[in-house]
>>> print(open('data15.tsv').read())   # TSV, N, CA and C atoms
chain	number	residue	atom	x	y	z
A	27	MET	N	162.27	111.54	88.80
A	27	MET	CA	161.14	111.75	89.68
A	27	MET	C	159.89	111.16	89.05
A	28	ALA	N	159.27	110.26	89.75
A	28	ALA	CA	158.03	109.65	89.26
A	28	ALA	C	156.87	110.62	89.48
A	29	MET	N	156.00	110.70	88.50
A	29	MET	CA	154.86	111.60	88.59
A	29	MET	C	153.65	110.84	89.12
A	30	THR	N	153.04	111.39	90.17
A	30	THR	CA	151.89	110.76	90.80
A	30	THR	C	150.77	111.79	90.96
A	31	ALA	N	149.60	111.33	91.38
A	31	ALA	CA	148.45	112.21	91.55
A	31	ALA	C	148.58	113.09	92.78
A	32	SER	N	149.29	112.61	93.82
A	32	SER	CA	149.49	113.41	95.03
A	32	SER	C	150.94	113.28	95.48
A	33	VAL	N	151.45	114.37	96.08
A	33	VAL	CA	152.86	114.42	96.46
A	33	VAL	C	152.99	115.03	97.85
A	34	GLN	N	153.94	114.47	98.61
A	34	GLN	CA	154.28	114.99	99.92
A	34	GLN	C	155.80	115.12	99.96
A	35	LEU	N	156.30	116.32	100.32
A	35	LEU	CA	157.74	116.50	100.41
A	35	LEU	C	158.30	115.64	101.53
A	36	LYS	N	159.55	115.27	101.41
A	36	LYS	CA	160.21	114.43	102.40
A	36	LYS	C	160.17	115.10	103.77
A	37	GLY	N	159.56	114.43	104.73
A	37	GLY	CA	159.46	114.93	106.09
A	37	GLY	C	158.28	115.85	106.36
A	38	ALA	N	157.53	116.22	105.34
A	38	ALA	CA	156.42	117.17	105.49
A	38	ALA	C	155.15	116.47	105.96
A	39	SER	N	154.29	117.25	106.60
A	39	SER	CA	153.00	116.71	107.01
A	39	SER	C	151.91	117.02	105.98
A	40	LYS	N	152.12	118.05	105.15
A	40	LYS	CA	151.13	118.45	104.16
A	40	LYS	C	151.31	117.64	102.87
A	41	LYS	N	150.18	117.29	102.28
A	41	LYS	CA	150.17	116.54	101.03
A	41	LYS	C	149.39	117.37	100.01
A	42	PHE	N	149.87	117.39	98.77
A	42	PHE	CA	149.26	118.21	97.73
A	42	PHE	C	148.89	117.38	96.52
A	43	LYS	N	147.91	117.90	95.77
A	43	LYS	CA	147.56	117.36	94.47
A	43	LYS	C	147.39	118.54	93.54
A	44	LEU	N	147.36	118.28	92.25
A	44	LEU	CA	147.10	119.35	91.29
A	44	LEU	C	145.65	119.80	91.45
A	45	ALA	N	145.43	121.09	91.38
A	45	ALA	CA	144.07	121.62	91.49
A	45	ALA	C	143.26	121.17	90.29
A	46	ASP	N	141.99	120.93	90.50
A	46	ASP	CA	141.10	120.50	89.42
A	46	ASP	C	140.98	121.58	88.34
A	47	THR	N	141.22	122.82	88.71
A	47	THR	CA	141.05	123.94	87.79
A	47	THR	C	142.34	124.33	87.07
A	48	VAL	N	143.45	123.62	87.31
A	48	VAL	CA	144.73	124.01	86.71
A	48	VAL	C	144.68	123.87	85.18
A	49	LYS	N	145.23	124.84	84.51
A	49	LYS	CA	145.29	124.85	83.05
A	49	LYS	C	146.74	125.08	82.62
A	50	LYS	N	147.03	124.73	81.38
A	50	LYS	CA	148.39	124.89	80.87
A	50	LYS	C	148.81	126.35	80.88
A	51	TYR	N	147.90	127.25	80.54
A	51	TYR	CA	148.28	128.67	80.53
A	51	TYR	C	148.55	129.19	81.93
A	52	THR	N	147.90	128.60	82.95
A	52	THR	CA	148.18	128.99	84.34
A	52	THR	C	149.61	128.62	84.71
A	53	LEU	N	150.03	127.43	84.29
A	53	LEU	CA	151.40	126.99	84.57
A	53	LEU	C	152.40	127.91	83.86
A	54	ARG	N	152.14	128.22	82.60
A	54	ARG	CA	153.04	129.11	81.85
A	54	ARG	C	153.12	130.49	82.51
A	55	ASP	N	151.97	131.01	82.92
A	55	ASP	CA	151.94	132.33	83.56
A	55	ASP	C	152.72	132.35	84.87
A	56	TYR	N	152.74	131.22	85.57
A	56	TYR	CA	153.44	131.15	86.85
A	56	TYR	C	154.94	131.01	86.69
A	57	GLY	N	155.40	130.60	85.51
A	57	GLY	CA	156.83	130.47	85.27
A	57	GLY	C	157.28	129.07	84.93
A	58	PHE	N	156.36	128.16	84.73
A	58	PHE	CA	156.71	126.81	84.30
A	58	PHE	C	157.18	126.86	82.85
A	59	GLN	N	158.18	126.07	82.53
A	59	GLN	CA	158.69	125.98	81.17
A	59	GLN	C	158.15	124.69	80.54
A	60	GLU	N	157.64	124.79	79.32
A	60	GLU	CA	157.10	123.63	78.63
A	60	GLU	C	158.22	122.94	77.87
A	61	GLY	N	158.37	121.64	78.11
A	61	GLY	CA	159.41	120.86	77.44
A	61	GLY	C	158.95	120.36	76.08
A	62	LYS	N	159.84	119.69	75.37
A	62	LYS	CA	159.55	119.18	74.03
A	62	LYS	C	158.42	118.16	74.01
A	63	GLN	N	158.28	117.40	75.09
A	63	GLN	CA	157.23	116.38	75.15
A	63	GLN	C	155.95	116.90	75.79
A	64	GLY	N	155.89	118.19	76.08
A	64	GLY	CA	154.68	118.77	76.64
A	64	GLY	C	154.62	118.83	78.15
A	65	ASN	N	155.63	118.29	78.83
A	65	ASN	CA	155.67	118.36	80.29
A	65	ASN	C	156.09	119.77	80.72
A	66	PHE	N	155.68	120.16	81.91
A	66	PHE	CA	155.99	121.48	82.44
A	66	PHE	C	156.97	121.34	83.60
A	67	GLU	N	158.00	122.17	83.62
A	67	GLU	CA	159.01	122.13	84.67
A	67	GLU	C	159.15	123.50	85.32
A	68	PHE	N	159.33	123.48	86.65
A	68	PHE	CA	159.48	124.70	87.43
A	68	PHE	C	160.63	124.50	88.40
A	69	GLU	N	161.56	125.44	88.43
A	69	GLU	CA	162.65	125.42	89.39
A	69	GLU	C	162.80	126.81	89.98
A	70	ARG	N	162.93	126.88	91.29
A	70	ARG	CA	163.10	128.17	91.95
A	70	ARG	C	164.06	128.00	93.12
A	71	VAL	N	165.07	128.87	93.19
A	71	VAL	CA	165.97	128.90	94.33
A	71	VAL	C	165.22	129.53	95.49
A	72	VAL	N	165.25	128.84	96.63
A	72	VAL	CA	164.52	129.30	97.81
A	72	VAL	C	165.54	129.64	98.89
A	73	THR	N	165.43	130.86	99.42
A	73	THR	CA	166.28	131.28	100.53
A	73	THR	C	165.38	131.70	101.68
A	74	ALA	N	165.89	131.56	102.89
A	74	ALA	CA	165.09	131.91	104.07
A	74	ALA	C	164.87	133.42	104.15
A	75	SER	N	165.90	134.19	103.86
A	75	SER	CA	165.80	135.65	103.86
A	75	SER	C	166.86	136.21	102.93
A	76	PHE	N	166.79	137.48	102.68
A	76	PHE	CA	167.68	138.11	101.72
A	76	PHE	C	169.15	137.94	102.08
A	77	ASN	N	169.48	138.03	103.35
A	77	ASN	CA	170.88	137.97	103.76
A	77	ASN	C	171.30	136.59	104.29
A	78	ASP	N	170.50	135.57	104.08
A	78	ASP	CA	170.83	134.22	104.51
A	78	ASP	C	171.54	133.49	103.38
A	79	SER	N	172.63	132.83	103.70
A	79	SER	CA	173.41	132.15	102.66
A	79	SER	C	172.90	130.74	102.36
A	80	ARG	N	172.01	130.21	103.19
A	80	ARG	CA	171.48	128.87	102.94
A	80	ARG	C	170.43	128.94	101.84
A	81	GLU	N	170.58	128.08	100.86
A	81	GLU	CA	169.64	128.05	99.74
A	81	GLU	C	169.34	126.61	99.36
A	82	VAL	N	168.13	126.38	98.88
A	82	VAL	CA	167.74	125.09	98.33
A	82	VAL	C	167.02	125.35	97.01
A	83	LEU	N	166.84	124.30	96.25
A	83	LEU	CA	166.19	124.40	94.95
A	83	LEU	C	164.85	123.66	95.02
A	84	PHE	N	163.75	124.38	94.78
A	84	PHE	CA	162.42	123.79	94.73
A	84	PHE	C	162.16	123.39	93.28
A	85	LYS	N	161.88	122.11	93.06
A	85	LYS	CA	161.65	121.61	91.70
A	85	LYS	C	160.28	120.96	91.61
A	86	MET	N	159.58	121.26	90.52
A	86	MET	CA	158.27	120.66	90.31
A	86	MET	C	158.09	120.37	88.83
A	87	LYS	N	157.57	119.20	88.52
A	87	LYS	CA	157.27	118.82	87.14
A	87	LYS	C	155.82	118.38	87.07
A	88	VAL	N	155.15	118.78	85.97
A	88	VAL	CA	153.75	118.40	85.73
A	88	VAL	C	153.69	117.75	84.37
A	89	ASN	N	153.02	116.60	84.27
A	89	ASN	CA	152.95	115.94	82.96
A	89	ASN	C	152.00	116.68	82.03
A	90	SER	N	152.08	116.36	80.75
A	90	SER	CA	151.34	117.11	79.73
A	90	SER	C	149.83	116.96	79.84
A	91	SER	N	149.36	115.87	80.43
A	91	SER	CA	147.91	115.67	80.57
A	91	SER	C	147.36	116.28	81.87
A	92	LEU	N	148.24	116.90	82.66
A	92	LEU	CA	147.87	117.58	83.91
A	92	LEU	C	147.18	116.67	84.92
A	93	ASP	N	147.60	115.40	84.96
A	93	ASP	CA	147.02	114.49	85.95
A	93	ASP	C	148.08	113.88	86.87
A	94	GLY	N	149.33	114.24	86.69
A	94	GLY	CA	150.40	113.75	87.54
A	94	GLY	C	151.50	114.78	87.67
A	95	PHE	N	152.18	114.78	88.82
A	95	PHE	CA	153.26	115.72	89.03
A	95	PHE	C	154.24	115.19	90.05
A	96	SER	N	155.39	115.84	90.14
A	96	SER	CA	156.38	115.53	91.16
A	96	SER	C	156.89	116.84	91.74
A	97	MET	N	157.32	116.78	92.99
A	97	MET	CA	157.78	117.98	93.68
A	97	MET	C	158.88	117.56	94.64
A	98	THR	N	160.03	118.25	94.58
A	98	THR	CA	161.13	117.95	95.49
A	98	THR	C	161.84	119.23	95.89
A	99	VAL	N	162.60	119.13	96.97
A	99	VAL	CA	163.52	120.18	97.40
A	99	VAL	C	164.90	119.55	97.39
A	100	THR	N	165.82	120.16	96.64
A	100	THR	CA	167.16	119.61	96.49
A	100	THR	C	168.22	120.65	96.85
A	101	ASN	N	169.47	120.20	96.85
A	101	ASN	CA	170.56	121.16	96.98
A	101	ASN	C	170.64	121.96	95.67
A	102	LEU	N	171.48	122.97	95.62
A	102	LEU	CA	171.47	123.88	94.47
A	102	LEU	C	171.82	123.22	93.15
A	103	ASN	N	172.64	122.17	93.16
A	103	ASN	CA	172.94	121.51	91.89
A	103	ASN	C	171.89	120.49	91.50
A	104	GLY	N	170.88	120.30	92.34
A	104	GLY	CA	169.75	119.44	92.02
A	104	GLY	C	170.01	117.95	92.13
A	105	MET	N	171.12	117.57	92.71
A	105	MET	CA	171.49	116.16	92.75
A	105	MET	C	171.07	115.43	94.03
A	106	GLN	N	170.88	116.16	95.13
A	106	GLN	CA	170.59	115.50	96.40
A	106	GLN	C	169.33	116.10	97.03
A	107	VAL	N	168.39	115.25	97.40
A	107	VAL	CA	167.16	115.70	98.04
A	107	VAL	C	167.48	116.22	99.44
A	108	VAL	N	166.89	117.36	99.78
A	108	VAL	CA	167.10	117.98	101.08
A	108	VAL	C	165.80	117.91	101.87
A	109	ASN	N	165.88	117.46	103.11
A	109	ASN	CA	164.72	117.43	104.00
A	109	ASN	C	164.74	118.70	104.85
A	110	VAL	N	163.94	119.69	104.47
A	110	VAL	CA	163.91	120.95	105.21
A	110	VAL	C	163.10	120.83	106.50
A	111	TYR	N	162.51	119.66	106.75
A	111	TYR	CA	161.71	119.43	107.94
A	111	TYR	C	162.46	118.64	109.01
A	112	LYS	N	163.75	118.36	108.80
A	112	LYS	CA	164.44	117.43	109.69
A	112	LYS	C	164.83	118.02	111.04
A	113	ASN	N	165.10	119.32	111.14
A	113	ASN	CA	165.44	119.90	112.43
A	113	ASN	C	165.09	121.38	112.47
A	114	ASP	N	165.21	121.98	113.65
A	114	ASP	CA	164.80	123.37	113.86
A	114	ASP	C	165.68	124.37	113.11
A	115	SER	N	166.91	124.01	112.82
A	115	SER	CA	167.79	124.96	112.11
A	115	SER	C	167.33	125.18	110.67
A	116	MET	N	166.53	124.27	110.14
A	116	MET	CA	166.01	124.40	108.78
A	116	MET	C	164.65	125.08	108.74
A	117	ALA	N	164.13	125.51	109.89
A	117	ALA	CA	162.79	126.11	109.96
A	117	ALA	C	162.61	127.30	109.02
A	118	PRO	N	163.59	128.22	108.90
A	118	PRO	CA	163.40	129.33	107.96
A	118	PRO	C	163.25	128.87	106.50
A	119	LEU	N	164.00	127.87	106.10
A	119	LEU	CA	163.86	127.32	104.74
A	119	LEU	C	162.53	126.61	104.59
A	120	GLN	N	162.11	125.92	105.63
A	120	GLN	CA	160.81	125.23	105.61
A	120	GLN	C	159.69	126.25	105.41
A	121	GLU	N	159.75	127.35	106.10
A	121	GLU	CA	158.72	128.40	105.97
A	121	GLU	C	158.73	128.99	104.56
A	122	ALA	N	159.92	129.17	103.98
A	122	ALA	CA	160.02	129.73	102.63
A	122	ALA	C	159.42	128.77	101.60
A	123	VAL	N	159.66	127.48	101.75
A	123	VAL	CA	159.09	126.49	100.84
A	123	VAL	C	157.57	126.46	100.99
A	124	GLU	N	157.09	126.52	102.22
A	124	GLU	CA	155.64	126.51	102.46
A	124	GLU	C	154.97	127.77	101.91
A	125	ARG	N	155.66	128.92	101.94
A	125	ARG	CA	155.11	130.13	101.33
A	125	ARG	C	154.95	129.96	99.82
A	126	LEU	N	155.94	129.33	99.19
A	126	LEU	CA	155.87	129.06	97.75
A	126	LEU	C	154.71	128.12	97.44
A	127	GLN	N	154.54	127.08	98.24
A	127	GLN	CA	153.43	126.15	98.05
A	127	GLN	C	152.09	126.86	98.27
A	128	ALA	N	152.00	127.71	99.27
A	128	ALA	CA	150.76	128.46	99.54
A	128	ALA	C	150.44	129.39	98.38
A	129	ASP	N	151.45	129.97	97.77
A	129	ASP	CA	151.23	130.82	96.61
A	129	ASP	C	150.69	130.01	95.44
A	130	MET	N	151.21	128.80	95.27
A	130	MET	CA	150.71	127.93	94.20
A	130	MET	C	149.26	127.51	94.46
A	131	VAL	N	148.91	127.34	95.71
A	131	VAL	CA	147.52	127.02	96.07
A	131	VAL	C	146.64	128.22	95.73
A	132	ALA	N	147.09	129.42	96.08
A	132	ALA	CA	146.31	130.63	95.81
A	132	ALA	C	146.14	130.88	94.31
A	133	MET	N	147.13	130.49	93.51
A	133	MET	CA	147.07	130.68	92.06
A	133	MET	C	146.29	129.59	91.35
A	134	GLY	N	145.84	128.57	92.09
A	134	GLY	CA	145.04	127.50	91.49
A	134	GLY	C	145.86	126.42	90.82
A	135	ILE	N	147.12	126.26	91.23
A	135	ILE	CA	147.96	125.21	90.66
A	135	ILE	C	147.91	123.97	91.55
A	136	LEU	N	148.06	124.16	92.84
A	136	LEU	CA	148.03	123.06	93.80
A	136	LEU	C	146.79	123.15	94.67
A	137	GLU	N	146.49	122.02	95.30
A	137	GLU	CA	145.39	121.94	96.26
A	137	GLU	C	145.87	121.05	97.39
A	138	GLU	N	145.70	121.51	98.63
A	138	GLU	CA	146.14	120.73	99.77
A	138	GLU	C	145.13	119.63	100.06
A	139	ILE	N	145.63	118.43	100.30
A	139	ILE	CA	144.78	117.29	100.65
A	139	ILE	C	144.69	117.22	102.16
A	140	VAL	N	143.49	117.16	102.67
A	140	VAL	CA	143.28	117.13	104.12
A	140	VAL	C	143.14	115.70	104.59
>>> encode(input="data15.tsv", output="structure tokens")
Amino acid sequence: MAMTASVQLKGASKKFKLADTVKKYTLRDYGFQEGKQGNFEFERVVTASFNDSREVLFKMKVNSSLDGFSMTVTNLNGMQVVNVYKNDSMAPLQEAVERLQADMVAMGILEEIV
């Protein structure tokens, strides 16, 4: 995954960038793991609801200088990108991913680009 200043998930209309106020300790507090080279990685299994068997993996990486990042939604083994915006049957997963992104915005990690 190439790290860029702004990212848009496949099929999504919203575009995000790292918040100007993001700090390394904020990423650690949110659950990002710091790698050997100083990059931060975050992975979270996303389900539409407690009793729904459909799951995807939300992955995000932030470089050590906090000026570039990547964000994808993949299948559970992380090998294939999943477009949760492609049809109406994926709407519950789409809402779950958007809730996670909204939480990151509220925590000062991401900022939505208008």
>>> atom_distance(input="data15.tsv", atom1="atom CA of Ile139 of chain A", atom2="atom CA of Leu102 of chain A")
28.2 Å
>>> closest_residue(input="data15.tsv", among="A:Tyr51, A:Gly61, A:Met86, A:Ser75", to="Leu136 of chain A", atoms="only C-alpha atoms")
A:Met86
>>> residues_near_point(input="data15.tsv", point="(155.9, 119.7, 90.4)", cutoff="6.5 Å", atoms="only N, CA and C atoms", output="list of chain:residue names")
A:Phe68, A:Lys85, A:Met86, A:Lys87, A:Val88, A:Phe95, A:Ser96, A:Met97, A:Thr98
>>> atom_distance(input="data15.tsv", atom1="atom CA of Thr73 of chain A", atom2="atom CA of Leu92 of chain A")
28.3 Å
>>> atom_distance(input="data15.tsv", atom1="atom CA of Leu119 of chain A", atom2="atom C of Arg80 of chain A")
7.4 Å
>>> closest_residue(input="data15.tsv", among="A:Lys40, A:Val82, A:Thr52, A:Val33", to="Ala128 of chain A", atoms="only C-alpha atoms")
A:Lys40
>>> select_by_dssp(input="data15.tsv", residues="chain A", states="alpha helix (DSSP H)", output="list in words")
Lys50, Tyr51, Thr52, Leu53, Arg54, Asp55, Tyr56, Ala117, Pro118, Leu119, Gln120, Glu121, Ala122, Val123, Glu124, Arg125, Leu126, Gln127, Ala128, Asp129, Met130, Val131 and Ala132 of chain A
>>> select_by_dssp(input="data15.tsv", residues="chain A", states="strand (DSSP E)", output="ChimeraX atom specification")
/A:32-33,41-44,59-60,66-73,81-88,95-100,136-139
>>> residues_around(input="data15.tsv", residues="Lys112 of chain A", least_positions_apart="6", cutoff="8 Å", atoms="only N, CA and C atoms", output="PyMOL selection string")
chain A and resi 36-38
>>> closest_residue(input="data15.tsv", among="A:Glu60, A:Ser90, A:Gly104, A:Ala74", to="Gln120 of chain A", atoms="all atoms listed in the file")
A:Ala74
>>> closest_residue(input="data15.tsv", among="A:Val72, A:Phe84, A:Pro118, A:Asn65", to="Thr100 of chain A", atoms="all atoms listed in the file")
A:Phe84
>>> residues_around(input="data15.tsv", residues="Glu121 of chain A", least_positions_apart="4", cutoff="8 Å", atoms="all atoms listed in the file", output="VMD selection string")
chain A and resid 73 to 74 110 116 to 117 125 to 127
>>> build_atoms(input="data15.tsv", residues="segment 90-101 of chain A", atoms="all heavy atoms", output="PDB file, in the coordinates of the input")
ATOM      1  N   SER A  90     152.080 116.360  80.750  1.00  0.00           N
ATOM      2  CA  SER A  90     151.340 117.110  79.730  1.00  0.00           C
ATOM      3  C   SER A  90     149.830 116.960  79.840  1.00  0.00           C
ATOM      4  O   SER A  90     149.078 117.839  79.432  1.00  0.00           O
ATOM      5  CB  SER A  90     151.802 116.684  78.333  1.00  0.00           C
ATOM      6  OG  SER A  90     151.580 115.301  78.153  1.00  0.00           O
ATOM      7  N   SER A  91     149.360 115.870  80.430  1.00  0.00           N
ATOM      8  CA  SER A  91     147.910 115.670  80.570  1.00  0.00           C
ATOM      9  C   SER A  91     147.360 116.280  81.870  1.00  0.00           C
ATOM     10  O   SER A  91     146.165 116.182  82.141  1.00  0.00           O
ATOM     11  CB  SER A  91     147.578 114.182  80.503  1.00  0.00           C
ATOM     12  OG  SER A  91     148.281 113.477  81.504  1.00  0.00           O
ATOM     13  N   LEU A  92     148.240 116.900  82.660  1.00  0.00           N
ATOM     14  CA  LEU A  92     147.870 117.580  83.910  1.00  0.00           C
ATOM     15  C   LEU A  92     147.180 116.670  84.920  1.00  0.00           C
ATOM     16  O   LEU A  92     146.309 117.100  85.672  1.00  0.00           O
ATOM     17  CB  LEU A  92     146.988 118.808  83.623  1.00  0.00           C
ATOM     18  CG  LEU A  92     147.547 119.848  82.661  1.00  0.00           C
ATOM     19  CD1 LEU A  92     146.547 120.984  82.472  1.00  0.00           C
ATOM     20  CD2 LEU A  92     148.871 120.382  83.128  1.00  0.00           C
ATOM     21  N   ASP A  93     147.600 115.400  84.960  1.00  0.00           N
ATOM     22  CA  ASP A  93     147.020 114.490  85.950  1.00  0.00           C
ATOM     23  C   ASP A  93     148.080 113.880  86.870  1.00  0.00           C
ATOM     24  O   ASP A  93     147.749 113.090  87.747  1.00  0.00           O
ATOM     25  CB  ASP A  93     146.204 113.391  85.269  1.00  0.00           C
ATOM     26  CG  ASP A  93     147.035 112.537  84.315  1.00  0.00           C
ATOM     27  OD1 ASP A  93     148.244 112.779  84.209  1.00  0.00           O
ATOM     28  OD2 ASP A  93     146.452 111.645  83.683  1.00  0.00           O
ATOM     29  N   GLY A  94     149.330 114.240  86.690  1.00  0.00           N
ATOM     30  CA  GLY A  94     150.400 113.750  87.540  1.00  0.00           C
ATOM     31  C   GLY A  94     151.500 114.780  87.670  1.00  0.00           C
ATOM     32  O   GLY A  94     151.718 115.584  86.753  1.00  0.00           O
ATOM     33  N   PHE A  95     152.180 114.780  88.820  1.00  0.00           N
ATOM     34  CA  PHE A  95     153.260 115.720  89.030  1.00  0.00           C
ATOM     35  C   PHE A  95     154.240 115.190  90.050  1.00  0.00           C
ATOM     36  O   PHE A  95     153.979 114.197  90.732  1.00  0.00           O
ATOM     37  CB  PHE A  95     152.721 117.096  89.439  1.00  0.00           C
ATOM     38  CG  PHE A  95     152.222 117.193  90.859  1.00  0.00           C
ATOM     39  CD1 PHE A  95     152.895 117.964  91.782  1.00  0.00           C
ATOM     40  CD2 PHE A  95     151.072 116.534  91.264  1.00  0.00           C
ATOM     41  CE1 PHE A  95     152.438 118.078  93.085  1.00  0.00           C
ATOM     42  CE2 PHE A  95     150.597 116.640  92.545  1.00  0.00           C
ATOM     43  CZ  PHE A  95     151.294 117.421  93.469  1.00  0.00           C
ATOM     44  N   SER A  96     155.390 115.840  90.140  1.00  0.00           N
ATOM     45  CA  SER A  96     156.380 115.530  91.160  1.00  0.00           C
ATOM     46  C   SER A  96     156.890 116.840  91.740  1.00  0.00           C
ATOM     47  O   SER A  96     156.870 117.871  91.071  1.00  0.00           O
ATOM     48  CB  SER A  96     157.532 114.718  90.565  1.00  0.00           C
ATOM     49  OG  SER A  96     158.188 115.471  89.566  1.00  0.00           O
ATOM     50  N   MET A  97     157.320 116.780  92.990  1.00  0.00           N
ATOM     51  CA  MET A  97     157.780 117.980  93.680  1.00  0.00           C
ATOM     52  C   MET A  97     158.880 117.560  94.640  1.00  0.00           C
ATOM     53  O   MET A  97     158.701 116.621  95.423  1.00  0.00           O
ATOM     54  CB  MET A  97     156.592 118.602  94.428  1.00  0.00           C
ATOM     55  CG  MET A  97     156.867 119.856  95.160  1.00  0.00           C
ATOM     56  SD  MET A  97     155.384 120.684  95.829  1.00  0.00           S
ATOM     57  CE  MET A  97     154.308 119.388  96.372  1.00  0.00           C
ATOM     58  N   THR A  98     160.030 118.250  94.580  1.00  0.00           N
ATOM     59  CA  THR A  98     161.130 117.950  95.490  1.00  0.00           C
ATOM     60  C   THR A  98     161.840 119.230  95.890  1.00  0.00           C
ATOM     61  O   THR A  98     161.732 120.252  95.227  1.00  0.00           O
ATOM     62  CB  THR A  98     162.181 117.005  94.859  1.00  0.00           C
ATOM     63  OG1 THR A  98     162.699 117.617  93.681  1.00  0.00           O
ATOM     64  CG2 THR A  98     161.631 115.648  94.544  1.00  0.00           C
ATOM     65  N   VAL A  99     162.600 119.130  96.970  1.00  0.00           N
ATOM     66  CA  VAL A  99     163.520 120.180  97.400  1.00  0.00           C
ATOM     67  C   VAL A  99     164.900 119.550  97.390  1.00  0.00           C
ATOM     68  O   VAL A  99     165.111 118.517  98.020  1.00  0.00           O
ATOM     69  CB  VAL A  99     163.153 120.717  98.803  1.00  0.00           C
ATOM     70  CG1 VAL A  99     164.168 121.742  99.269  1.00  0.00           C
ATOM     71  CG2 VAL A  99     161.758 121.304  98.807  1.00  0.00           C
ATOM     72  N   THR A 100     165.820 120.160  96.640  1.00  0.00           N
ATOM     73  CA  THR A 100     167.160 119.610  96.490  1.00  0.00           C
ATOM     74  C   THR A 100     168.220 120.650  96.850  1.00  0.00           C
ATOM     75  O   THR A 100     167.906 121.818  97.066  1.00  0.00           O
ATOM     76  CB  THR A 100     167.421 119.143  95.049  1.00  0.00           C
ATOM     77  OG1 THR A 100     167.427 120.282  94.183  1.00  0.00           O
ATOM     78  CG2 THR A 100     166.372 118.141  94.589  1.00  0.00           C
ATOM     79  N   ASN A 101     169.470 120.200  96.850  1.00  0.00           N
ATOM     80  CA  ASN A 101     170.560 121.160  96.980  1.00  0.00           C
ATOM     81  C   ASN A 101     170.640 121.960  95.670  1.00  0.00           C
ATOM     82  O   ASN A 101     169.927 121.652  94.712  1.00  0.00           O
ATOM     83  CB  ASN A 101     171.872 120.459  97.319  1.00  0.00           C
ATOM     84  CG  ASN A 101     172.290 119.427  96.300  1.00  0.00           C
ATOM     85  OD1 ASN A 101     171.584 119.148  95.339  1.00  0.00           O
ATOM     86  ND2 ASN A 101     173.445 118.842  96.513  1.00  0.00           N
TER      87      ASN A 101
END
